Amino acid sequence: LAKTTQPISMDSYEGQEVNITCSHNNIATNDYITWYQQFPSQGPRFIIQGYKTKVTNEVASLFIPADRKSSTLSLPRVSLSDTAVYYCLVGPMDSNYQLIWGAGTKLIIKP
Amino acid sequence: NAGVTQTPKFRILKIGQSMTLQCTQDMNHNYMYWYRQDPGMGLKLIYYSVGAGITDKGEVPNGYNVSRSTTEDFPLRLELAAPSQTSVYFCASSSSGQGLNQPQHFGDGTRLSIL
């Protein structure tokens with residue numbers, strides 16, 4: 001079972017690029033990496049998902065090295081509204097394997 | 001589209017009371033989920049359903065029951081409320097792709113206090 005490790009918290013400033021790294025040393029061959037964002041008093045929101053190399057959408061980029069033992073969520077030019085908790089999840093796409101949600105990374109953006 | 005709608009948003013129960021948390025989605029998703037989230041913690045899966053008439057236990061099912069009679073609705077039942085069930089409850093759904101790791105769409109949660 002893949003297990004993830006993320007920093008408990010991070011600080012940054014408006015306009016900066018923020019990179020949050022997730023470690024998943026025991027990732028399996030058929031596992032995908034998924035990131036969610038959660039604002040206070042709201043449910044999590046899907047951000048991005050990938051298997052290898054780089055995935056980019058309108059919100060973020062996901063970088064996955066060749067060994068896939070870690071992944072980095074990159075948020076370009078953050079604003080105060082990006083203050084949230086970010087969760088990294090690892091699991092297969094084609095089974096009912098139950099994903100494990102850790103405590104996530106609390107990102108605080110300062111003016 | 002409304003997405004995933006949960007009712008009520010807040011509720012206070014007395015120990016031993018029962019209640020049903022309602023969840024409905026209008027995206028025609030086959031998969032639906034119930035989670036609980038305690039302060040400062042990640043989500044824990046209570047029950048999930050892969051389609052109407054099919055439900056299965058998650059990580060923390062004790063003290064809860066679910067049913068899935070339609071694609072749209074997935075109610076969560078607490079039979080004998082206990083203080084340990086004080087939490088925020090989230091319902092989610094995902095597309096008909098196989099597996100629980102499909103991107104999930106969440107409701108805004110029900111904040112439940114048991115006193």
# chains A, B, ... in the order shown; residues from 1 in each chain; ligands from 1
call {"tool": "closest_atom_pairs", "arguments": {"of": "chain A", "to": "chain B", "cutoff": "8 Å", "atoms": "only C-alpha atoms", "output": "Markdown table"}}
result
| residue | atom | partner | partner_atom | distance |
| --- | --- | --- | --- | --- |
| A:Tyr32 | CA | B:Asn101 | CA | 7.9 |
| A:Thr34 | CA | B:Asn101 | CA | 7.8 |
| A:Ser41 | CA | B:Asp108 | CA | 7.2 |
| A:Gln42 | CA | B:Asp108 | CA | 4.8 |
| A:Gly43 | CA | B:Asp108 | CA | 5.0 |
| A:Pro44 | CA | B:Phe106 | CA | 6.2 |
| A:Arg45 | CA | B:His105 | CA | 6.7 |
| A:Phe46 | CA | B:Pro103 | CA | 6.0 |
| A:Gly91 | CA | B:Asn101 | CA | 6.3 |
| A:Pro92 | CA | B:Asn101 | CA | 6.5 |
| A:Met93 | CA | B:Gly99 | CA | 5.1 |
| A:Asp94 | CA | B:Gly99 | CA | 4.4 |
| A:Ser95 | CA | B:Gly99 | CA | 4.3 |
| A:Asn96 | CA | B:Gly99 | CA | 5.0 |
| A:Tyr97 | CA | B:Leu100 | CA | 6.5 |
| A:Gln98 | CA | B:Leu100 | CA | 6.6 |
| A:Leu99 | CA | B:Asn101 | CA | 7.2 |
| A:Ile100 | CA | B:Lys44 | CA | 7.5 |
| A:Trp101 | CA | B:Gly42 | CA | 5.1 |
| A:Gly102 | CA | B:Gly42 | CA | 4.9 |
| A:Ala103 | CA | B:Gly42 | CA | 4.4 |
| A:Gly104 | CA | B:Gly42 | CA | 6.8 |
call {"tool": "write_last_selection", "arguments": {"atoms": "C-alpha atoms", "output": "CSV table (one decimal), in the first residue's frame"}}
result
chain,number,residue,atom,x,y,z
A,32,TYR,CA,-1.7,7.3,-10.0
A,34,THR,CA,-3.8,12.9,-7.3
A,41,SER,CA,-15.5,25.0,5.6
A,42,GLN,CA,-15.6,23.4,2.2
A,43,GLY,CA,-15.2,20.0,0.7
A,44,PRO,CA,-11.9,19.1,-1.1
A,45,ARG,CA,-11.6,20.1,-4.8
A,46,PHE,CA,-9.8,18.0,-7.4
A,91,GLY,CA,-3.7,4.7,-5.7
A,92,PRO,CA,-4.7,2.7,-8.7
A,93,MET,CA,-7.2,3.9,-11.2
A,94,ASP,CA,-8.9,0.6,-11.9
A,95,SER,CA,-9.8,-0.9,-8.5
A,96,ASN,CA,-11.7,-0.2,-5.3
A,97,TYR,CA,-8.5,0.4,-3.4
A,98,GLN,CA,-9.4,2.8,-0.7
A,99,LEU,CA,-7.3,6.0,-0.8
A,100,ILE,CA,-5.7,7.1,2.4
A,101,TRP,CA,-6.0,10.8,3.1
A,102,GLY,CA,-3.2,12.2,5.3
A,103,ALA,CA,-3.4,15.5,7.1
A,104,GLY,CA,-2.2,17.4,4.0
call {"tool": "residues_around", "arguments": {"residues": "Leu73 of chain A", "least_positions_apart": "6", "cutoff": "8 Å", "atoms": "only C-alpha atoms", "output": "PyMOL selection string"}}
result
chain A and resi 19-21+35+60-63
call {"tool": "residues_around", "arguments": {"residues": "Lys106 of chain A", "least_positions_apart": "2", "cutoff": "9 Å", "atoms": "only C-alpha atoms", "output": "ChimeraX atom specification"}}
result
/A:7-11,83-86,103-104,108
call {"tool": "closest_residue", "arguments": {"among": "A:Thr29, A:Gln38, A:Ser81, A:Thr72", "to": "Thr5 of chain A", "atoms": "only C-alpha atoms"}}
result
A:Thr72
call {"tool": "select_by_dssp", "arguments": {"residues": "chain A", "states": "strand (DSSP E or B)", "output": "ChimeraX atom specification"}}
result
/A:5,9-13,18-23,31-38,45-50,53-56,61-64,70-75,84-92,105-110
call {"tool": "closest_residue", "arguments": {"among": "A:Ser23, A:Gln37, A:Thr4, A:Ser74", "to": "Tyr87 of chain A", "atoms": "only C-alpha atoms"}}
result
A:Gln37
call {"tool": "atom_distance", "arguments": {"atom1": "atom CA of His24 of chain A", "atom2": "atom CA of Ser71 of chain A"}}
result
7.9 Å
call {"tool": "atom_distance", "arguments": {"atom1": "atom CA of Tyr31 of chain B", "atom2": "atom CA of Leu80 of chain B"}}
result
26.8 Å
call {"tool": "closest_residue", "arguments": {"among": "B:Ser18, B:Thr5, B:Tyr64, B:Ile12", "to": "Thr86 of chain B", "atoms": "only C-alpha atoms"}}
result
B:Ile12
